[in-house]
$ cat target01.pdb   # PDB, C-alpha atoms
ATOM      1  CA  MET W   1      19.174 126.201  13.701
ATOM      2  CA  LYS W   2      20.687 128.729  11.329
ATOM      3  CA  LYS W   3      24.119 128.038   9.882
ATOM      4  CA  GLU W   4      25.228 131.509  11.029
ATOM      5  CA  THR W   5      24.314 130.638  14.619
ATOM      6  CA  LEU W   6      26.581 127.602  14.677
ATOM      7  CA  GLU W   7      29.378 129.545  13.015
ATOM      8  CA  ALA W   8      29.030 132.274  15.645
ATOM      9  CA  ALA W   9      29.234 129.675  18.420
ATOM     10  CA  LYS W  10      32.467 128.216  17.071
ATOM     11  CA  ARG W  11      33.880 131.689  16.515
ATOM     12  CA  ALA W  12      33.200 132.609  20.166
ATOM     13  CA  TYR W  13      35.574 129.857  21.346
ATOM     14  CA  VAL W  14      38.293 131.161  19.014
ATOM     15  CA  ILE W  15      37.839 134.801  20.050
ATOM     16  CA  GLU W  16      38.008 134.075  23.771
ATOM     17  CA  SER W  17      40.932 131.640  23.577
ATOM     18  CA  GLU W  18      42.892 134.141  21.478
ATOM     19  CA  CYS W  19      42.140 136.842  24.051
ATOM     20  CA  ILE W  20      43.574 134.760  26.889
ATOM     21  CA  LYS W  21      46.720 134.047  24.866
ATOM     22  CA  GLU W  22      47.181 137.733  24.021
ATOM     23  CA  LEU W  23      46.441 138.728  27.625
ATOM     24  CA  SER W  24      49.357 136.603  28.827
ATOM     25  CA  GLU W  25      51.631 138.684  26.608
ATOM     26  CA  HIS W  26      50.578 141.792  28.567
ATOM     27  CA  PHE W  27      51.636 140.249  31.886
ATOM     28  CA  ASP W  28      53.642 142.919  33.726
ATOM     29  CA  GLU W  29      55.725 141.149  36.362
ATOM     30  CA  GLN W  30      56.463 144.324  38.300
ATOM     31  CA  ALA W  31      52.834 145.484  38.395
ATOM     32  CA  TYR W  32      51.477 142.083  39.431
ATOM     33  CA  SER W  33      54.177 141.704  42.067
ATOM     34  CA  LYS W  34      53.273 145.068  43.581
ATOM     35  CA  ALA W  35      49.551 144.261  43.463
ATOM     36  CA  VAL W  36      50.121 140.940  45.209
ATOM     37  CA  GLU W  37      52.274 142.602  47.870
ATOM     38  CA  LEU W  38      49.516 145.134  48.580
ATOM     39  CA  LEU W  39      46.842 142.433  48.750
ATOM     40  CA  LYS W  40      49.040 140.236  50.932
ATOM     41  CA  ASN W  41      49.587 142.984  53.501
ATOM     42  CA  ALA W  42      46.079 144.445  53.546
ATOM     43  CA  GLU W  43      43.853 143.725  56.534
ATOM     44  CA  ARG W  44      40.797 144.325  54.363
ATOM     45  CA  ILE W  45      40.220 144.301  50.602
ATOM     46  CA  GLY W  46      37.406 146.046  48.775
ATOM     47  CA  ALA W  47      36.413 145.643  45.134
ATOM     48  CA  SER W  48      34.062 147.692  43.004
ATOM     49  CA  GLY W  49      32.883 147.949  39.433
ATOM     50  CA  CYS W  50      29.696 148.453  37.447
ATOM     51  CA  GLY W  51      27.777 146.035  35.253
ATOM     52  CA  HIS W  52      29.727 142.958  34.226
ATOM     53  CA  SER W  53      32.856 144.352  35.888
ATOM     54  CA  GLY W  54      30.930 144.610  39.147
ATOM     55  CA  ILE W  55      29.762 141.015  38.890
ATOM     56  CA  LEU W  56      33.362 139.908  38.349
ATOM     57  CA  CYS W  57      34.459 142.022  41.335
ATOM     58  CA  GLN W  58      32.077 139.972  43.459
ATOM     59  CA  HIS W  59      33.881 136.902  42.137
ATOM     60  CA  PHE W  60      37.223 138.500  43.022
ATOM     61  CA  ALA W  61      36.097 139.208  46.597
ATOM     62  CA  HIS W  62      35.028 135.575  46.970
ATOM     63  CA  LEU W  63      38.358 134.349  45.555
ATOM     64  CA  MET W  64      40.125 136.408  48.206
ATOM     65  CA  CYS W  65      37.921 135.073  51.009
ATOM     66  CA  CYS W  66      38.628 131.513  49.845
ATOM     67  CA  ILE W  67      42.306 132.054  50.658
ATOM     68  CA  GLU W  68      41.551 133.885  53.898
ATOM     69  CA  ARG W  69      42.162 137.417  52.663
ATOM     70  CA  PRO W  70      39.143 139.301  54.114
ATOM     71  CA  ALA W  71      37.414 140.927  51.150
ATOM     72  CA  LYS W  72      34.108 142.482  50.244
ATOM     73  CA  PHE W  73      32.377 143.730  47.112
ATOM     74  CA  ILE W  74      31.346 147.324  47.706
ATOM     75  CA  SER W  75      28.563 148.344  45.367
ATOM     76  CA  PRO W  76      29.075 151.751  43.743
ATOM     77  CA  SER W  77      25.713 152.976  45.020
ATOM     78  CA  GLU W  78      26.402 151.942  48.633
ATOM     79  CA  ALA W  79      30.034 153.073  48.579
ATOM     80  CA  ILE W  80      29.172 156.779  48.607
ATOM     81  CA  HIS W  81      26.522 156.263  51.286
ATOM     82  CA  GLY W  82      28.847 154.929  53.988
ATOM     83  CA  GLY W  83      29.942 151.629  52.442
ATOM     84  CA  THR W  84      33.565 152.739  52.224
ATOM     85  CA  GLY W  85      33.675 152.819  56.024
ATOM     86  CA  PHE W  86      34.677 149.165  55.663
ATOM     87  CA  LEU W  87      38.090 150.329  54.454
ATOM     88  CA  GLN W  88      40.792 151.810  56.671
ATOM     89  CA  LYS W  89      44.223 153.306  56.013
ATOM     90  CA  GLY W  90      46.543 150.726  54.470
ATOM     91  CA  ASP W  91      43.704 148.577  53.133
ATOM     92  CA  VAL W  92      43.286 147.935  49.409
ATOM     93  CA  MET W  93      40.511 148.870  47.009
ATOM     94  CA  LEU W  94      40.410 147.235  43.594
ATOM     95  CA  PHE W  95      38.566 148.985  40.794
ATOM     96  CA  ALA W  96      37.622 147.227  37.553
ATOM     97  CA  SER W  97      36.704 149.454  34.632
ATOM     98  CA  ARG W  98      37.564 148.580  31.071
ATOM     99  CA  GLY W  99      37.623 152.230  29.997
ATOM    100  CA  GLY W 100      38.865 153.527  33.342
ATOM    101  CA  ARG W 101      36.349 156.343  33.345
ATOM    102  CA  THR W 102      33.286 154.801  34.988
ATOM    103  CA  SER W 103      31.689 157.861  36.590
ATOM    104  CA  GLU W 104      30.193 155.923  39.507
ATOM    105  CA  LEU W 105      33.667 154.818  40.613
ATOM    106  CA  LEU W 106      35.400 158.205  40.581
ATOM    107  CA  PRO W 107      33.877 159.458  43.873
ATOM    108  CA  ILE W 108      34.875 156.177  45.546
ATOM    109  CA  MET W 109      38.441 156.680  44.347
ATOM    110  CA  GLU W 110      38.457 160.151  45.925
ATOM    111  CA  ILE W 111      37.295 158.688  49.249
ATOM    112  CA  CYS W 112      40.047 156.059  49.105
ATOM    113  CA  LEU W 113      42.691 158.690  48.425
ATOM    114  CA  LYS W 114      41.501 160.761  51.397
ATOM    115  CA  LYS W 115      41.529 157.717  53.684
ATOM    116  CA  GLY W 116      44.957 156.428  52.652
ATOM    117  CA  VAL W 117      43.537 153.290  51.057
ATOM    118  CA  LYS W 118      45.790 151.728  48.413
ATOM    119  CA  ILE W 119      44.272 151.453  44.925
ATOM    120  CA  ILE W 120      44.612 148.741  42.297
ATOM    121  CA  THR W 121      42.941 149.498  38.974
ATOM    122  CA  VAL W 122      42.280 146.943  36.261
ATOM    123  CA  THR W 123      41.660 148.690  32.954
ATOM    124  CA  GLU W 124      42.481 148.793  29.264
ATOM    125  CA  ASN W 125      43.205 152.505  29.486
ATOM    126  CA  PRO W 126      46.393 153.372  31.432
ATOM    127  CA  MET W 127      45.752 157.090  30.784
ATOM    128  CA  SER W 128      42.315 157.060  32.439
ATOM    129  CA  PRO W 129      41.400 158.824  35.710
ATOM    130  CA  LEU W 130      41.080 155.544  37.605
ATOM    131  CA  ALA W 131      44.531 154.507  36.403
ATOM    132  CA  ALA W 132      46.186 157.866  37.005
ATOM    133  CA  SER W 133      45.426 157.809  40.739
ATOM    134  CA  ALA W 134      46.126 154.116  41.291
ATOM    135  CA  ASP W 135      49.083 152.654  43.140
ATOM    136  CA  VAL W 136      49.083 149.780  40.646
ATOM    137  CA  VAL W 137      47.521 149.402  37.205
ATOM    138  CA  LEU W 138      46.912 145.953  35.729
ATOM    139  CA  LYS W 139      46.348 145.820  31.993
ATOM    140  CA  GLN W 140      43.057 144.359  30.785
ATOM    141  CA  HIS W 141      43.425 143.363  27.147
ATOM    142  CA  VAL W 142      40.365 142.555  25.033
ATOM    143  CA  ASN W 143      40.571 141.638  21.350
ATOM    144  CA  ARG W 144      36.801 141.848  20.790
ATOM    145  CA  GLU W 145      33.545 140.691  22.336
ATOM    146  CA  THR W 146      32.061 137.469  20.969
ATOM    147  CA  ASP W 147      28.794 138.921  19.615
ATOM    148  CA  LYS W 148      28.645 140.166  16.057
ATOM    149  CA  TYR W 149      28.153 143.751  17.228
ATOM    150  CA  ASN W 150      31.214 143.655  19.519
ATOM    151  CA  CYS W 151      29.137 145.111  22.342
ATOM    152  CA  GLN W 152      28.203 142.477  24.925
ATOM    153  CA  GLY W 153      30.349 141.926  28.026
ATOM    154  CA  THR W 154      31.660 138.511  27.028
ATOM    155  CA  THR W 155      35.356 138.348  26.185
ATOM    156  CA  SER W 156      36.005 141.362  28.423
ATOM    157  CA  THR W 157      34.620 139.505  31.447
ATOM    158  CA  THR W 158      36.716 136.447  30.579
ATOM    159  CA  ALA W 159      39.836 138.621  30.498
ATOM    160  CA  LEU W 160      38.936 140.170  33.847
ATOM    161  CA  ALA W 161      38.281 136.762  35.398
ATOM    162  CA  VAL W 162      41.680 135.504  34.219
ATOM    163  CA  ILE W 163      43.412 138.512  35.814
ATOM    164  CA  PHE W 164      41.655 137.797  39.107
ATOM    165  CA  HIS W 165      42.542 134.107  38.881
ATOM    166  CA  VAL W 166      46.198 134.989  38.328
ATOM    167  CA  LEU W 167      46.180 137.257  41.390
ATOM    168  CA  GLN W 168      44.708 134.507  43.559
ATOM    169  CA  THR W 169      47.176 131.953  42.187
ATOM    170  CA  MET W 170      50.090 134.251  43.038
ATOM    171  CA  LEU W 171      48.734 134.993  46.515
ATOM    172  CA  ILE W 172      48.435 131.287  47.310
ATOM    173  CA  GLU W 173      52.166 130.994  46.633
ATOM    174  CA  GLU W 174      53.183 134.184  48.451
ATOM    175  CA  THR W 175      51.134 133.468  51.595
ATOM    176  CA  ASP W 176      51.901 129.727  51.674
ATOM    177  CA  PHE W 177      48.157 129.067  51.818
ATOM    178  CA  ARG W 178      47.448 125.375  52.424
ATOM    179  CA  ASN W 179      44.578 123.112  51.450
ATOM    180  CA  GLU W 180      44.208 122.252  55.134
ATOM    181  CA  GLN W 181      43.144 125.860  55.689
ATOM    182  CA  PHE W 182      40.704 125.673  52.807
ATOM    183  CA  ALA W 183      39.202 122.487  54.230
ATOM    184  CA  VAL W 184      38.215 124.327  57.410
ATOM    185  CA  ILE W 185      36.319 127.089  55.596
ATOM    186  CA  HIS W 186      34.946 124.911  52.772
ATOM    187  CA  PRO W 187      33.226 121.878  54.352
ATOM    188  CA  GLY W 188      30.318 122.073  51.908
ATOM    189  CA  GLY W 189      29.729 120.420  48.542
ATOM    190  CA  ALA W 190      31.858 117.981  46.615
ATOM    191  CA  VAL W 191      34.996 120.056  47.153
ATOM    192  CA  GLY W 192      34.457 120.070  50.910
ATOM    193  CA  GLU W 193      33.864 116.328  50.928
ATOM    194  CA  ARG W 194      37.100 115.721  49.041
ATOM    195  CA  LEU W 195      39.128 118.098  51.208
ATOM    196  CA  ASN W 196      37.853 116.690  54.486
ATOM    197  CA  LYS W 197      38.264 112.976  53.809
TER     198      LYS W 197
END
$ encode --input "target01.pdb" --output "structure tokens"
Amino acid sequence: MKKETLEAAKRAYVIESECIKELSEHFDEQAYSKAVELLKNAERIGASGCGHSGILCQHFAHLMCCIERPAKFISPSEAIHGGTGFLQKGDVMLFASRGGRTSELLPIMEICLKKGVKIITVTENPMSPLAASADVVLKQHVNRETDKYNCQGTTSTTALAVIFHVLQTMLIEETDFRNEQFAVIHPGGAVGERLNK
């Protein structure tokens, strides 16, 4: 194996750990508190993004379901063909877009605004269209991607995952979610075995 390959591997750990540390410095207590309040009170939660952001939005929807907050990933292609019918007035839609200008998400935002659906946007760009129309904007900070070209969705997806993990962690506290509840909906696997002993 090339020396450069091993150096790149070690550098990836440093880049991502530094990103998480820097991301914590962008924690906006007011914004997160408002986001958690919206998620706590929503009957339904939608999440949408494209590419790596979309994959992480699927993770977010599952995190919400695991604490009994009904959530669903709404694919950008299905959203404008009836998929947003899942959401009603007072529900919450979370958009993830690093640049805040993902063209596939803009029509979905317009639908949400017309329906009275609350919007949470996670982005690096607070001046973007997706941020401008949001009820809450959560800052996604990325120092750089791990590849030498600074192009692949690596560190940026880690940052997004951490933001989603923080939201779930806060919601567990705010809703007084208990492991006994989790045991009922998670009987499978090693976790289910441990919870249901």
$ closest_atom_pairs --input "target01.pdb" --of "stretch 93-122 of chain W" --to "stretch 131-149 of chain W" --cutoff "8 Å" --atoms "all atoms listed in the file" --output "tab-separated table"
residue	atom	partner	partner_atom	distance
W:Arg98	CA	W:Gln140	CA	6.9
W:Gly100	CA	W:Ala131	CA	6.5
W:Met109	CA	W:Ser133	CA	7.9
W:Lys118	CA	W:Asp135	CA	6.3
W:Ile119	CA	W:Ala134	CA	4.9
W:Ile120	CA	W:Val136	CA	4.9
W:Thr121	CA	W:Val137	CA	4.9
W:Val122	CA	W:Leu138	CA	4.8
$ residues_around --input "target01.pdb" --residues "W:Gln181" --least-positions-apart "6" --cutoff "10 Å" --atoms "only C-alpha atoms" --output "PyMOL selection string"
chain W and resi 66-68+195
$ closest_residue --input "target01.pdb" --among "W:Met64, W:Leu106, W:Val166, W:Leu6" --to "W:Leu130" --atoms "all atoms listed in the file"
W:Leu106
$ residues_around --input "target01.pdb" --residues "W:Arg44" --least-positions-apart "6" --cutoff "8 Å" --atoms "only C-alpha atoms" --output "PyMOL selection string"
chain W and resi 69-71+86-88+91-92
$ atom_distance --input "target01.pdb" --atom1 "atom CA of W:Asn196" --atom2 "atom CA of W:Ala183"
6.0 Å
$ resolve_selection --input "target01.pdb" --expression "the PyMOL selection byres ((chain W and resi 13-25) around 6)" --output "list of chain:residue names"
W:Lys10, W:Arg11, W:Ala12, W:His26, W:Phe27, W:His141, W:Asn143, W:Thr155
$ atom_distance --input "target01.pdb" --atom1 "atom CA of W:Thr5" --atom2 "atom CA of W:Gly99"
29.7 Å
$ closest_residue --input "target01.pdb" --among "W:Ala96, W:Arg101, W:Ser53, W:Ser48" --to "W:Ala79" --atoms "only C-alpha atoms"
W:Ser48
$ residues_near_point --input "target01.pdb" --point "(39.9, 157.2, 51.2)" --cutoff "10 Å" --atoms "all atoms listed in the file" --output "NGL selection string"
:W and (84-85 or 87-91 or 93 or 107-119)
$ atom_distance --input "target01.pdb" --atom1 "atom CA of W:Pro129" --atom2 "atom CA of W:Leu63"
26.6 Å
$ closest_residue --input "target01.pdb" --among "W:Ala35, W:Cys50, W:Ala190, W:Ile55" --to "W:Glu174" --atoms "only C-alpha atoms"
W:Ala35
$ resolve_selection --input "target01.pdb" --expression "the PyMOL selection byres ((chain W and resi 168) around 9)" --output "PyMOL selection string"
chain W and resi 36+60+63-64+67+163-167+169-173
$ write_last_selection --input "target01.pdb" --atoms "C-alpha atoms" --output "short mmCIF file (atom, residue, chain, number, x, y, z; two decimals), in the frame of the given file"
data_model
loop_
_atom_site.label_atom_id
_atom_site.label_comp_id
_atom_site.auth_asym_id
_atom_site.auth_seq_id
_atom_site.Cartn_x
_atom_site.Cartn_y
_atom_site.Cartn_z
CA VAL W 36 50.12 140.94 45.21
CA PHE W 60 37.22 138.50 43.02
CA LEU W 63 38.36 134.35 45.56
CA MET W 64 40.12 136.41 48.21
CA ILE W 67 42.31 132.05 50.66
CA ILE W 163 43.41 138.51 35.81
CA PHE W 164 41.66 137.80 39.11
CA HIS W 165 42.54 134.11 38.88
CA VAL W 166 46.20 134.99 38.33
CA LEU W 167 46.18 137.26 41.39
CA THR W 169 47.18 131.95 42.19
CA MET W 170 50.09 134.25 43.04
CA LEU W 171 48.73 134.99 46.52
CA ILE W 172 48.44 131.29 47.31
CA GLU W 173 52.17 130.99 46.63
#
$ residues_near_point --input "target01.pdb" --point "(29.7, 147.6, 33.9)" --cutoff "12 Å" --atoms "all atoms listed in the file" --output "NGL selection string"
:W and (48-57 or 75-76 or 95-105 or 151-154 or 156-157 or 160)
$ axis_aligned_box --input "target01.pdb" --around "stretch 140-154 of chain W" --padding-each-side "5 Å" --output "JSON"
{"center_x": 35.8, "center_y": 141.3, "center_z": 23.4, "size_x": 25.3, "size_y": 17.6, "size_z": 24.7}
